[in-house]
file work.txt (compact mmCIF, C-alpha atoms)
# COMPACT_ATOMS: atom_id res chain seq x y z
CA MET G 90 -0.90 24.59 -17.29
CA ILE G 91 -2.01 22.00 -14.75
CA LEU G 92 -1.17 22.06 -11.04
CA VAL G 93 -0.79 18.78 -9.12
CA THR G 94 -0.50 19.00 -5.35
CA GLY G 95 1.25 15.96 -3.93
CA GLY G 96 2.70 15.58 -7.40
CA ALA G 97 5.89 13.87 -6.22
CA GLY G 98 3.90 11.35 -4.21
CA PHE G 99 2.46 8.01 -5.20
CA ILE G 100 -0.71 8.86 -7.10
CA GLY G 101 0.50 12.34 -8.00
CA SER G 102 3.70 11.18 -9.71
CA ASN G 103 1.85 8.56 -11.74
CA LEU G 104 -0.59 11.26 -12.86
CA GLN G 105 2.35 13.58 -13.58
CA ALA G 106 3.85 10.94 -15.86
CA ALA G 107 0.61 10.68 -17.84
CA LEU G 108 0.23 14.45 -18.14
CA VAL G 109 3.79 14.95 -19.38
CA GLN G 110 3.42 12.08 -21.84
CA ARG G 111 0.42 13.87 -23.27
CA GLY G 112 2.33 17.14 -23.56
CA HIS G 113 0.81 19.18 -20.70
CA GLU G 114 2.84 21.79 -18.86
CA THR G 115 2.69 20.92 -15.17
CA VAL G 116 3.47 22.48 -11.81
CA VAL G 117 4.05 20.08 -8.92
CA VAL G 118 3.46 21.13 -5.33
CA ASP G 119 5.34 18.87 -2.92
CA TRP G 120 8.36 18.31 -0.69
CA PHE G 121 11.15 16.08 -1.97
CA GLY G 122 12.95 15.61 1.34
CA SER G 123 16.13 13.53 1.48
CA ASP G 124 14.80 9.98 1.08
CA GLY G 125 14.96 9.75 -2.71
CA LYS G 126 11.37 10.83 -3.36
CA TRP G 127 12.68 12.92 -6.29
CA ARG G 128 13.08 9.66 -8.20
CA ASN G 129 9.29 9.53 -8.57
CA LEU G 130 9.66 12.45 -11.02
CA ALA G 131 13.06 11.64 -12.50
CA LYS G 132 11.67 10.36 -15.81
CA HIS G 133 9.08 13.13 -16.25
CA PRO G 134 10.11 16.35 -14.47
CA PRO G 135 7.52 19.14 -14.25
CA ALA G 136 7.99 22.67 -15.54
CA ARG G 137 8.16 23.85 -11.94
CA VAL G 138 8.19 22.48 -8.40
CA VAL G 139 6.63 24.64 -5.68
CA ALA G 140 7.17 23.84 -2.01
CA PRO G 141 3.87 23.63 -0.09
CA GLY G 142 4.86 26.64 1.97
CA GLY G 143 5.17 28.70 -1.21
CA LEU G 144 1.86 27.67 -2.75
CA ARG G 145 -0.14 30.71 -1.65
CA ASP G 146 2.48 33.09 -3.07
CA PHE G 147 2.49 31.12 -6.32
CA LEU G 148 -1.29 31.35 -6.59
CA ASP G 149 -1.24 35.05 -5.73
CA GLY G 150 0.64 35.51 -8.99
CA ASN G 151 -2.49 34.34 -10.87
CA PRO G 152 -0.80 31.61 -12.93
CA PRO G 153 -2.74 30.56 -16.06
CA LEU G 154 -3.99 27.24 -14.66
CA GLU G 155 -6.47 25.10 -16.54
CA MET G 156 -6.99 22.57 -13.77
CA VAL G 157 -5.92 21.72 -10.22
CA PHE G 158 -5.54 18.09 -9.18
CA HIS G 159 -5.41 18.33 -5.39
CA LEU G 160 -3.84 15.04 -4.26
CA GLY G 161 -1.57 16.31 -1.50
CA ALA G 162 -2.56 15.43 2.05
CA ILE G 163 -1.45 14.03 5.35
CA SER G 164 -2.55 10.52 4.42
CA SER G 165 -1.34 8.41 7.33
CA THR G 166 -4.21 6.55 8.98
CA THR G 167 -2.21 6.67 12.22
CA ALA G 168 -1.68 10.46 12.20
CA THR G 169 -2.17 12.03 15.63
CA ASP G 170 -1.45 15.77 15.14
CA ALA G 171 -5.01 16.96 14.64
CA ASP G 172 -4.11 20.61 14.10
CA GLU G 173 -1.61 19.87 11.33
CA THR G 174 -3.88 17.29 9.71
CA TRP G 175 -6.88 19.64 9.74
CA ALA G 176 -4.80 22.52 8.34
CA THR G 177 -3.49 20.38 5.50
CA ASN G 178 -6.49 18.21 4.65
CA VAL G 179 -9.29 20.73 5.21
CA GLU G 180 -8.08 24.33 5.28
CA LEU G 181 -5.68 23.98 2.34
CA SER G 182 -8.38 22.17 0.38
CA ARG G 183 -10.85 24.94 1.20
CA ALA G 184 -8.38 27.60 0.05
CA LEU G 185 -7.79 25.81 -3.26
CA TRP G 186 -11.52 25.35 -3.82
CA ASP G 187 -12.11 29.07 -3.24
CA TRP G 188 -9.20 30.07 -5.48
CA CYS G 189 -10.47 27.86 -8.31
CA ALA G 190 -14.04 29.10 -7.85
CA ASP G 191 -12.95 32.74 -8.01
CA ARG G 192 -10.82 32.26 -11.13
CA GLY G 193 -12.86 29.69 -13.07
CA VAL G 194 -10.30 26.88 -12.74
CA ARG G 195 -11.40 23.24 -12.71
CA PHE G 196 -10.78 21.32 -9.48
CA VAL G 197 -10.43 17.61 -8.72
CA TYR G 198 -9.53 16.48 -5.21
CA ALA G 199 -8.71 13.26 -3.40
CA SER G 200 -11.15 12.03 -0.80
CA SER G 201 -10.83 8.53 0.65
CA ALA G 202 -12.64 5.30 1.42
CA ALA G 203 -11.50 5.95 5.00
CA THR G 204 -14.50 8.29 5.23
CA TYR G 205 -16.73 5.19 5.44
CA GLY G 206 -15.29 4.07 8.78
CA ASP G 207 -15.96 0.43 9.58
CA GLY G 208 -18.43 0.14 6.71
CA ALA G 209 -21.45 -0.23 8.98
CA MET G 210 -23.25 2.41 6.90
CA GLY G 211 -22.14 0.83 3.63
CA PHE G 212 -19.93 2.31 0.91
CA ASP G 213 -22.48 4.17 -1.18
CA ASP G 214 -21.04 7.45 -2.54
CA ASP G 215 -24.40 9.17 -2.03
CA PRO G 216 -23.57 12.91 -2.15
CA ALA G 217 -26.66 13.96 -0.19
CA LEU G 218 -25.84 15.80 3.02
CA ALA G 219 -28.01 13.48 5.13
CA ALA G 220 -26.16 10.43 3.78
CA LEU G 221 -22.73 11.95 4.41
CA GLU G 222 -23.65 12.99 7.93
CA ARG G 223 -24.32 9.36 8.86
CA LEU G 224 -20.71 8.31 8.16
CA ARG G 225 -18.34 7.79 11.07
CA PRO G 226 -14.65 7.60 10.06
CA LEU G 227 -12.42 5.57 12.38
CA ASN G 228 -9.33 7.80 12.38
CA LEU G 229 -8.13 11.38 12.12
CA TYR G 230 -7.19 11.08 8.46
CA GLY G 231 -10.60 9.72 7.47
CA TRP G 232 -12.35 12.35 9.58
CA THR G 233 -10.56 15.28 7.92
CA LYS G 234 -11.26 13.89 4.45
CA HIS G 235 -14.90 13.49 5.45
CA ALA G 236 -14.98 17.02 6.83
CA PHE G 237 -13.97 18.44 3.46
CA ASP G 238 -16.56 16.31 1.63
CA LEU G 239 -19.16 17.80 3.99
CA LEU G 240 -17.84 21.31 3.43
CA VAL G 241 -18.15 20.90 -0.35
CA THR G 242 -21.67 19.52 -0.08
CA ARG G 243 -22.81 22.37 2.18
CA THR G 244 -21.15 24.94 -0.09
CA LEU G 245 -23.07 23.59 -3.08
CA ALA G 246 -26.34 23.46 -1.12
CA GLN G 247 -25.95 27.13 -0.23
CA ALA G 248 -25.34 28.01 -3.89
CA HIS G 249 -21.98 29.58 -3.17
CA LYS G 250 -19.57 30.07 -6.03
CA ARG G 251 -17.89 26.86 -7.16
CA PRO G 252 -15.26 25.83 -9.70
CA PRO G 253 -16.59 25.29 -13.25
CA GLN G 254 -15.81 21.59 -12.81
CA TRP G 255 -15.34 19.84 -9.48
CA ALA G 256 -14.95 16.20 -8.54
CA GLY G 257 -14.02 14.41 -5.33
CA LEU G 258 -12.71 10.85 -5.58
CA LYS G 259 -12.98 8.38 -2.72
CA PHE G 260 -9.89 6.28 -3.40
CA PHE G 261 -10.02 2.72 -2.14
CA ASN G 262 -6.86 0.57 -1.70
CA VAL G 263 -4.44 1.76 -4.38
CA TYR G 264 -1.24 -0.15 -5.21
CA GLY G 265 1.51 0.24 -7.78
CA PRO G 266 4.91 1.81 -8.50
CA ASN G 267 6.28 5.03 -6.96
CA GLU G 268 4.92 4.32 -3.50
CA TYR G 269 8.33 3.40 -2.09
CA HIS G 270 8.68 6.53 0.06
CA LYS G 271 5.50 5.89 2.04
CA GLY G 272 6.98 3.95 4.94
CA LYS G 273 4.30 2.29 7.06
CA MET G 274 1.61 3.46 4.62
CA ILE G 275 3.02 1.53 1.68
CA SER G 276 0.60 -0.90 0.02
CA VAL G 277 0.26 -4.43 1.30
CA VAL G 278 1.23 -5.67 -2.17
CA LYS G 279 4.73 -4.17 -1.83
CA VAL G 280 5.09 -5.47 1.75
CA LYS G 281 4.10 -9.00 0.76
CA TYR G 282 6.42 -8.93 -2.24
CA ASP G 283 9.37 -8.01 -0.04
CA GLU G 284 8.56 -10.91 2.28
CA VAL G 285 8.16 -13.42 -0.52
CA ALA G 286 11.24 -12.22 -2.41
CA ALA G 287 13.26 -12.74 0.77
CA GLY G 288 12.16 -16.37 0.90
CA ALA G 289 9.64 -15.93 3.72
CA PRO G 290 5.92 -16.64 3.64
CA ALA G 291 3.51 -13.77 3.06
CA ARG G 292 2.37 -12.70 6.53
CA LEU G 293 -1.24 -11.67 7.09
CA PHE G 294 -3.07 -10.47 10.17
CA LYS G 295 -5.31 -12.92 11.92
CA SER G 296 -8.96 -11.92 11.83
CA ASP G 297 -10.21 -9.89 14.80
CA GLN G 298 -13.84 -10.31 13.75
CA PRO G 299 -15.86 -13.22 15.20
CA GLY G 300 -16.80 -15.69 12.48
CA LEU G 301 -14.43 -14.21 9.90
CA PRO G 302 -11.66 -16.68 8.96
CA ASP G 303 -8.03 -15.60 8.90
CA GLY G 304 -7.15 -14.24 5.48
CA ALA G 305 -10.78 -13.62 4.58
CA GLN G 306 -10.58 -9.90 5.32
CA ALA G 307 -11.34 -8.26 1.98
CA ARG G 308 -10.63 -4.91 0.39
CA ASP G 309 -11.27 -3.25 -2.93
CA PHE G 310 -7.70 -3.14 -4.28
CA ILE G 311 -7.19 -0.92 -7.33
CA TRP G 312 -4.21 -0.70 -9.69
CA ILE G 313 -2.66 2.78 -9.94
CA GLY G 314 -3.05 2.80 -13.73
CA ASP G 315 -6.82 2.66 -13.32
CA ILE G 316 -6.72 5.64 -10.96
CA VAL G 317 -4.75 7.65 -13.51
CA ASP G 318 -7.16 6.66 -16.29
CA VAL G 319 -10.09 8.11 -14.30
CA LEU G 320 -8.18 11.30 -13.51
CA MET G 321 -7.33 11.77 -17.17
CA TRP G 322 -10.93 11.06 -18.13
CA LEU G 323 -12.04 13.86 -15.80
CA LEU G 324 -9.53 16.17 -17.49
CA ASP G 325 -11.08 15.25 -20.84
CA THR G 326 -14.69 15.46 -19.62
CA PRO G 327 -15.25 18.91 -18.08
CA ALA G 328 -19.01 18.47 -17.77
CA VAL G 329 -18.64 15.79 -15.07
CA ASN G 330 -19.10 16.97 -11.48
CA GLY G 331 -19.64 15.05 -8.27
CA LEU G 332 -18.34 12.93 -5.42
CA PHE G 333 -17.43 9.45 -6.65
CA ASN G 334 -16.07 6.18 -5.34
CA LEU G 335 -12.94 5.01 -7.08
CA GLY G 336 -12.31 1.31 -6.63
CA THR G 337 -12.92 -1.66 -8.88
CA GLY G 338 -16.31 -2.59 -7.48
CA GLN G 339 -14.97 -6.01 -6.47
CA ALA G 340 -13.62 -6.86 -3.00
CA ARG G 341 -10.84 -9.45 -2.90
CA THR G 342 -9.43 -11.23 0.13
CA TYR G 343 -5.98 -10.76 1.56
CA ARG G 344 -5.37 -14.44 0.94
CA ASP G 345 -6.13 -13.85 -2.77
CA LEU G 346 -3.65 -10.99 -2.76
CA ALA G 347 -0.93 -13.01 -1.04
CA HIS G 348 -1.36 -15.86 -3.52
CA ALA G 349 -1.21 -13.44 -6.46
CA VAL G 350 2.05 -11.96 -5.14
CA CYS G 351 3.57 -15.43 -4.77
CA ASP G 352 2.48 -16.37 -8.29
CA ALA G 353 3.82 -13.16 -9.84
CA ALA G 354 7.13 -13.62 -8.05
CA GLY G 355 7.39 -17.25 -9.21
CA GLN G 356 7.32 -18.55 -5.63
CA LYS G 357 5.34 -21.31 -3.95
CA ARG G 358 2.18 -20.06 -2.26
CA ARG G 359 2.99 -19.74 1.45
CA VAL G 360 0.97 -17.69 3.95
CA ALA G 361 1.52 -17.25 7.70
CA PHE G 362 -0.93 -15.54 10.06
CA ILE G 363 0.19 -13.18 12.83
CA ASP G 364 -1.66 -11.32 15.59
CA MET G 365 -3.05 -7.91 14.74
CA PRO G 366 -1.31 -5.08 16.63
CA ASP G 367 -3.31 -3.52 19.44
CA SER G 368 -2.97 -0.14 17.68
CA LEU G 369 -5.09 -1.42 14.77
CA ARG G 370 -7.81 -3.17 16.73
CA GLY G 371 -11.05 -1.26 16.40
CA GLN G 372 -9.63 0.83 13.52
CA TYR G 373 -9.21 -1.94 10.95
CA GLN G 374 -11.59 -2.22 8.00
CA SER G 375 -12.25 -5.94 7.45
CA PHE G 376 -14.26 -5.30 4.29
CA THR G 377 -14.40 -2.53 1.70
CA GLN G 378 -16.04 -2.57 -1.70
CA ALA G 379 -16.77 0.42 -3.88
CA PRO G 380 -20.17 0.62 -5.56
CA MET G 381 -19.26 2.19 -8.89
CA ASP G 382 -22.72 3.03 -10.22
CA ARG G 383 -22.33 6.80 -9.92
CA LEU G 384 -19.04 7.01 -11.81
CA ARG G 385 -20.45 4.68 -14.47
CA GLY G 386 -23.58 6.79 -14.61
CA ALA G 387 -21.43 9.88 -15.19
CA GLY G 388 -20.07 8.20 -18.30
CA TYR G 389 -16.85 6.45 -17.31
CA ALA G 390 -16.62 3.26 -19.39
CA GLY G 391 -13.04 2.14 -18.68
CA GLN G 392 -12.41 -1.39 -17.45
CA PHE G 393 -10.68 -2.00 -14.13
CA THR G 394 -7.66 -4.26 -13.93
CA PRO G 395 -8.19 -7.62 -12.17
CA LEU G 396 -6.12 -8.03 -9.00
CA GLU G 397 -3.94 -10.82 -10.38
CA GLU G 398 -3.07 -8.82 -13.51
CA GLY G 399 -2.33 -5.62 -11.59
CA ILE G 400 -0.05 -7.46 -9.18
CA ARG G 401 1.70 -9.21 -12.07
CA ARG G 402 2.41 -5.86 -13.72
CA TYR G 403 3.63 -4.33 -10.47
CA VAL G 404 5.91 -7.22 -9.58
CA GLN G 405 7.30 -8.16 -12.98
CA ASN G 406 7.49 -4.70 -14.59
CA HIS G 407 8.65 -2.77 -11.52
CA LEU G 408 9.45 -4.48 -8.22
CA ALA G 409 11.56 -7.27 -9.74
CA THR G 410 13.54 -4.88 -11.99
CA PRO G 411 16.59 -2.70 -11.30
CA ASP G 412 14.52 0.46 -11.86
CA PRO G 413 11.07 0.12 -10.25
CA PHE G 414 9.92 3.69 -10.94
CA VAL G 415 7.42 5.00 -13.48
call {"tool": "encode", "arguments": {"input": "work.txt", "output": "structure tokens"}}
result
Amino acid sequence: MILVTGGAGFIGSNLQAALVQRGHETVVVDWFGSDGKWRNLAKHPPARVVAPGGLRDFLDGNPPLEMVFHLGAISSTTATDADETWATNVELSRALWDWCADRGVRFVYASSAATYGDGAMGFDDDPALAALERLRPLNLYGWTKHAFDLLVTRTLAQAHKRPPQWAGLKFFNVYGPNEYHKGKMISVVKVKYDEVAAGAPARLFKSDQPGLPDGAQARDFIWIGDIVDVLMWLLDTPAVNGLFNLGTGQARTYRDLAHAVCDAAGQKRRVAFIDMPDSLRGQYQSFTQAPMDRLRGAGYAGQFTPLEEGIRRYVQNHLATPDPFV
């Protein structure tokens, strides 16, 4: 039995689909709400759904879990309730770590590239405490994810009990199906597709960095299928432990992305530049790129999907169809 927190969400539901396809019994921890989020699981329902408020009672029953994929979080980069975000992103993660350590259950959790802040200290997934302590996340979400990375590193340094396998993954910019419930946190690929499909140009923020041309802001965009492949590889490779970046290793510009969306949608390439909102100024990462040496060194040999191909799959196999869900 495998437990997936956030299992009805974007990454979680894609992982759930892969686990069910392989024949695993799964328990999903999540809220469905009333906005149709249940559709993320409609084609591959789990054996059980546990509401987050009932998770501790479920675990107190000592279920026979093989592995916990902890993907649930308050993931909005504009979150402002620090108490709720800390309780969810740090204290719940700590409780799951301790539970897995006590019972010998393997544990994989979602960290984030938001822990790197503006990138001034680079994007090296160096797990050393001194390296982590130099990072300065730009927002509450990134700070809480960073706080748990630090907690794990200090726990290991003090030789406290740990799960038999543990891995933290610093997800970069993930895009793909089943993200439709995410509101303002939906991927830029989906937003640009909606604009282009409506006959408008793809709108991009003007650069707020001196010397950086409009549209030249660059991120490491990664196709959801590649994320799932790494998660499944960790399931199959119990000897792998560590904190790892998870991107493609190749930054691509927003202009590249906009052009790829236009091409996949069969539309003329049209891009318009708009002013960046004041709320994002000073909190906007103009460049991210994931060094992937550590994950490669741990043995992962899978190939990452080029941006144009990932966007083509997303648009033509999902967004442009009557049923866009996995």
call {"tool": "closest_residue", "arguments": {"input": "work.txt", "among": "G:Pro266, G:Pro152, G:Gly331, G:Gly95", "to": "Pro216 in chain G", "atoms": "all atoms listed in the file"}}
result
G:Gly331
call {"tool": "atom_distance", "arguments": {"input": "work.txt", "atom1": "CA of Thr337 in chain G", "atom2": "CA of Pro366 in chain G"}}
result
28.2 Å
call {"tool": "atom_distance", "arguments": {"input": "work.txt", "atom1": "CA of Thr244 in chain G", "atom2": "CA of Phe333 in chain G"}}
result
17.2 Å
call {"tool": "closest_residue", "arguments": {"input": "work.txt", "among": "G:Gln339, G:Phe393, G:Ala291, G:Trp322", "to": "Arg358 in chain G", "atoms": "all atoms listed in the file"}}
result
G:Ala291
call {"tool": "atom_distance", "arguments": {"input": "work.txt", "atom1": "CA of Gly193 in chain G", "atom2": "CA of Pro327 in chain G"}}
result
12.1 Å
call {"tool": "residues_around", "arguments": {"input": "work.txt", "residues": "Asp412 in chain G", "least_positions_apart": "2", "cutoff": "12 Å", "atoms": "only C-alpha atoms", "output": "PyMOL selection string"}}
result
chain G and resi 128-129+131-132+266-267+269+403-410+414-415
call {"tool": "closest_residue", "arguments": {"input": "work.txt", "among": "G:Gly391, G:Pro290, G:Pro252, G:Gly98", "to": "Ile163 in chain G", "atoms": "all atoms listed in the file"}}
result
G:Gly98
call {"tool": "residues_near_point", "arguments": {"input": "work.txt", "point": "(-2.2, 11.4, -5.5)", "cutoff": "9 Å", "atoms": "only C-alpha atoms", "output": "compact mmCIF listing (two decimals) with C-alpha atoms, in the coordinates of the input"}}
result
# COMPACT_ATOMS: atom_id res chain seq x y z
CA VAL G 93 -0.79 18.78 -9.12
CA THR G 94 -0.50 19.00 -5.35
CA GLY G 95 1.25 15.96 -3.93
CA GLY G 96 2.70 15.58 -7.40
CA ALA G 97 5.89 13.87 -6.22
CA GLY G 98 3.90 11.35 -4.21
CA PHE G 99 2.46 8.01 -5.20
CA ILE G 100 -0.71 8.86 -7.10
CA GLY G 101 0.50 12.34 -8.00
CA SER G 102 3.70 11.18 -9.71
CA ASN G 103 1.85 8.56 -11.74
CA LEU G 104 -0.59 11.26 -12.86
CA PHE G 158 -5.54 18.09 -9.18
CA HIS G 159 -5.41 18.33 -5.39
CA LEU G 160 -3.84 15.04 -4.26
CA GLY G 161 -1.57 16.31 -1.50
CA ALA G 162 -2.56 15.43 2.05
CA TYR G 198 -9.53 16.48 -5.21
CA ALA G 199 -8.71 13.26 -3.40
call {"tool": "residues_near_point", "arguments": {"input": "work.txt", "point": "(-13.4, 0.0, -12.7)", "cutoff": "9 Å", "atoms": "only C-alpha atoms", "output": "PyMOL selection string"}}
result
chain G and resi 311+315-316+319+335-339+381+385+389-394
call {"tool": "closest_atom_pairs", "arguments": {"input": "work.txt", "of": "range 289-308 of chain G", "to": "range 345-348 of chain G", "cutoff": "10 Å", "atoms": "all atoms listed in the file", "output": "Markdown table"}}
result
| residue | atom | partner | partner_atom | distance |
| --- | --- | --- | --- | --- |
| G:Pro290 | CA | G:Ala347 | CA | 9.1 |
| G:Ala291 | CA | G:Ala347 | CA | 6.1 |
| G:Arg292 | CA | G:Ala347 | CA | 8.3 |
| G:Leu293 | CA | G:Ala347 | CA | 8.2 |
| G:Gly304 | CA | G:Asp345 | CA | 8.3 |
| G:Ala305 | CA | G:Asp345 | CA | 8.7 |
| G:Ala307 | CA | G:Asp345 | CA | 9.0 |
| G:Arg308 | CA | G:Leu346 | CA | 9.8 |
call {"tool": "closest_residue", "arguments": {"input": "work.txt", "among": "G:Asp283, G:Glu155, G:Asp297, G:Glu180", "to": "Gln254 in chain G", "atoms": "all atoms listed in the file"}}
result
G:Glu155
call {"tool": "residues_around", "arguments": {"input": "work.txt", "residues": "range 202-207 of chain G", "least_positions_apart": "6", "cutoff": "10 Å", "atoms": "only C-alpha atoms", "output": "NGL selection string"}}
result
:G and (166 or 213-214 or 221 or 223-236 or 238 or 258-262 or 309 or 334-336 or 371-379)
call {"tool": "closest_residue", "arguments": {"input": "work.txt", "among": "G:Phe294, G:Trp312, G:Tyr282, G:Tyr264", "to": "Gly355 in chain G", "atoms": "all atoms listed in the file"}}
result
G:Tyr282
call {"tool": "residues_around", "arguments": {"input": "work.txt", "residues": "Leu148 in chain G", "least_positions_apart": "2", "cutoff": "12 Å", "atoms": "only C-alpha atoms", "output": "tab-separated table (two decimals) with C-alpha atoms, keeping the file's coordinate frame"}}
result
chain	number	residue	atom	x	y	z
G	92	LEU	CA	-1.17	22.06	-11.04
G	116	VAL	CA	3.47	22.48	-11.81
G	118	VAL	CA	3.46	21.13	-5.33
G	139	VAL	CA	6.63	24.64	-5.68
G	141	PRO	CA	3.87	23.63	-0.09
G	142	GLY	CA	4.86	26.64	1.97
G	143	GLY	CA	5.17	28.70	-1.21
G	144	LEU	CA	1.86	27.67	-2.75
G	145	ARG	CA	-0.14	30.71	-1.65
G	146	ASP	CA	2.48	33.09	-3.07
G	150	GLY	CA	0.64	35.51	-8.99
G	151	ASN	CA	-2.49	34.34	-10.87
G	152	PRO	CA	-0.80	31.61	-12.93
G	153	PRO	CA	-2.74	30.56	-16.06
G	154	LEU	CA	-3.99	27.24	-14.66
G	157	VAL	CA	-5.92	21.72	-10.22
G	184	ALA	CA	-8.38	27.60	0.05
G	185	LEU	CA	-7.79	25.81	-3.26
G	187	ASP	CA	-12.11	29.07	-3.24
G	188	TRP	CA	-9.20	30.07	-5.48
G	189	CYS	CA	-10.47	27.86	-8.31
G	191	ASP	CA	-12.95	32.74	-8.01
G	192	ARG	CA	-10.82	32.26	-11.13
G	194	VAL	CA	-10.30	26.88	-12.74
call {"tool": "closest_residue", "arguments": {"input": "work.txt", "among": "G:Arg402, G:Phe237, G:Phe362, G:Ala220", "to": "Trp175 in chain G", "atoms": "only C-alpha atoms"}}
result
G:Phe237
call {"tool": "decode", "arguments": {"input": "work.txt", "residues": "range 107-126 of chain G", "atoms": "N, CA and C atoms", "output": "PDB file, in the first residue's frame"}}
result
ATOM      1  N   ALA G 107      -0.078   6.583 -12.483  1.00  0.00           N
ATOM      2  CA  ALA G 107       1.010   5.642 -12.777  1.00  0.00           C
ATOM      3  C   ALA G 107       1.028   4.486 -11.787  1.00  0.00           C
ATOM      4  N   LEU G 108       0.754   4.773 -10.522  1.00  0.00           N
ATOM      5  CA  LEU G 108       0.754   3.713  -9.507  1.00  0.00           C
ATOM      6  C   LEU G 108      -0.372   2.718  -9.752  1.00  0.00           C
ATOM      7  N   VAL G 109      -1.562   3.228 -10.059  1.00  0.00           N
ATOM      8  CA  VAL G 109      -2.697   2.346 -10.317  1.00  0.00           C
ATOM      9  C   VAL G 109      -2.454   1.509 -11.567  1.00  0.00           C
ATOM     10  N   GLN G 110      -1.891   2.141 -12.595  1.00  0.00           N
ATOM     11  CA  GLN G 110      -1.601   1.406 -13.827  1.00  0.00           C
ATOM     12  C   GLN G 110      -0.658   0.247 -13.559  1.00  0.00           C
ATOM     13  N   ARG G 111       0.231   0.429 -12.592  1.00  0.00           N
ATOM     14  CA  ARG G 111       1.166  -0.635 -12.274  1.00  0.00           C
ATOM     15  C   ARG G 111       0.574  -1.670 -11.330  1.00  0.00           C
ATOM     16  N   GLY G 112      -0.584  -1.383 -10.764  1.00  0.00           N
ATOM     17  CA  GLY G 112      -1.239  -2.357  -9.902  1.00  0.00           C
ATOM     18  C   GLY G 112      -1.077  -2.128  -8.412  1.00  0.00           C
ATOM     19  N   HIS G 113      -0.558  -0.964  -7.996  1.00  0.00           N
ATOM     20  CA  HIS G 113      -0.389  -0.683  -6.574  1.00  0.00           C
ATOM     21  C   HIS G 113      -1.709  -0.294  -5.929  1.00  0.00           C
ATOM     22  N   GLU G 114      -1.897  -0.693  -4.688  1.00  0.00           N
ATOM     23  CA  GLU G 114      -3.019  -0.206  -3.883  1.00  0.00           C
ATOM     24  C   GLU G 114      -2.624   1.138  -3.284  1.00  0.00           C
ATOM     25  N   THR G 115      -3.454   2.140  -3.455  1.00  0.00           N
ATOM     26  CA  THR G 115      -3.077   3.486  -3.033  1.00  0.00           C
ATOM     27  C   THR G 115      -4.113   4.097  -2.100  1.00  0.00           C
ATOM     28  N   VAL G 116      -3.612   4.964  -1.218  1.00  0.00           N
ATOM     29  CA  VAL G 116      -4.449   5.804  -0.363  1.00  0.00           C
ATOM     30  C   VAL G 116      -4.085   7.244  -0.672  1.00  0.00           C
ATOM     31  N   VAL G 117      -5.083   8.043  -1.029  1.00  0.00           N
ATOM     32  CA  VAL G 117      -4.877   9.451  -1.347  1.00  0.00           C
ATOM     33  C   VAL G 117      -5.327  10.298  -0.168  1.00  0.00           C
ATOM     34  N   VAL G 118      -4.488  11.239   0.224  1.00  0.00           N
ATOM     35  CA  VAL G 118      -4.840  12.212   1.251  1.00  0.00           C
ATOM     36  C   VAL G 118      -5.029  13.552   0.566  1.00  0.00           C
ATOM     37  N   ASP G 119      -6.261  14.075   0.597  1.00  0.00           N
ATOM     38  CA  ASP G 119      -6.524  15.349  -0.083  1.00  0.00           C
ATOM     39  C   ASP G 119      -7.959  15.774   0.189  1.00  0.00           C
ATOM     40  N   TRP G 120      -8.231  17.049  -0.138  1.00  0.00           N
ATOM     41  CA  TRP G 120      -9.595  17.562  -0.209  1.00  0.00           C
ATOM     42  C   TRP G 120     -10.018  17.580  -1.670  1.00  0.00           C
ATOM     43  N   PHE G 121     -11.266  17.232  -1.939  1.00  0.00           N
ATOM     44  CA  PHE G 121     -11.813  17.377  -3.285  1.00  0.00           C
ATOM     45  C   PHE G 121     -12.434  18.761  -3.489  1.00  0.00           C
ATOM     46  N   GLY G 122     -13.131  19.269  -2.473  1.00  0.00           N
ATOM     47  CA  GLY G 122     -13.824  20.533  -2.628  1.00  0.00           C
ATOM     48  C   GLY G 122     -14.987  20.408  -3.599  1.00  0.00           C
ATOM     49  N   SER G 123     -15.413  21.534  -4.153  1.00  0.00           N
ATOM     50  CA  SER G 123     -16.589  21.538  -5.033  1.00  0.00           C
ATOM     51  C   SER G 123     -16.286  22.104  -6.414  1.00  0.00           C
ATOM     52  N   ASP G 124     -15.002  22.168  -6.774  1.00  0.00           N
ATOM     53  CA  ASP G 124     -14.632  22.771  -8.062  1.00  0.00           C
ATOM     54  C   ASP G 124     -14.259  21.746  -9.130  1.00  0.00           C
ATOM     55  N   GLY G 125     -14.650  20.493  -8.924  1.00  0.00           N
ATOM     56  CA  GLY G 125     -14.376  19.467  -9.929  1.00  0.00           C
ATOM     57  C   GLY G 125     -13.014  18.812  -9.817  1.00  0.00           C
ATOM     58  N   LYS G 126     -12.311  19.040  -8.712  1.00  0.00           N
ATOM     59  CA  LYS G 126     -10.984  18.450  -8.545  1.00  0.00           C
ATOM     60  C   LYS G 126     -11.026  16.917  -8.572  1.00  0.00           C
TER      61      LYS G 126
END
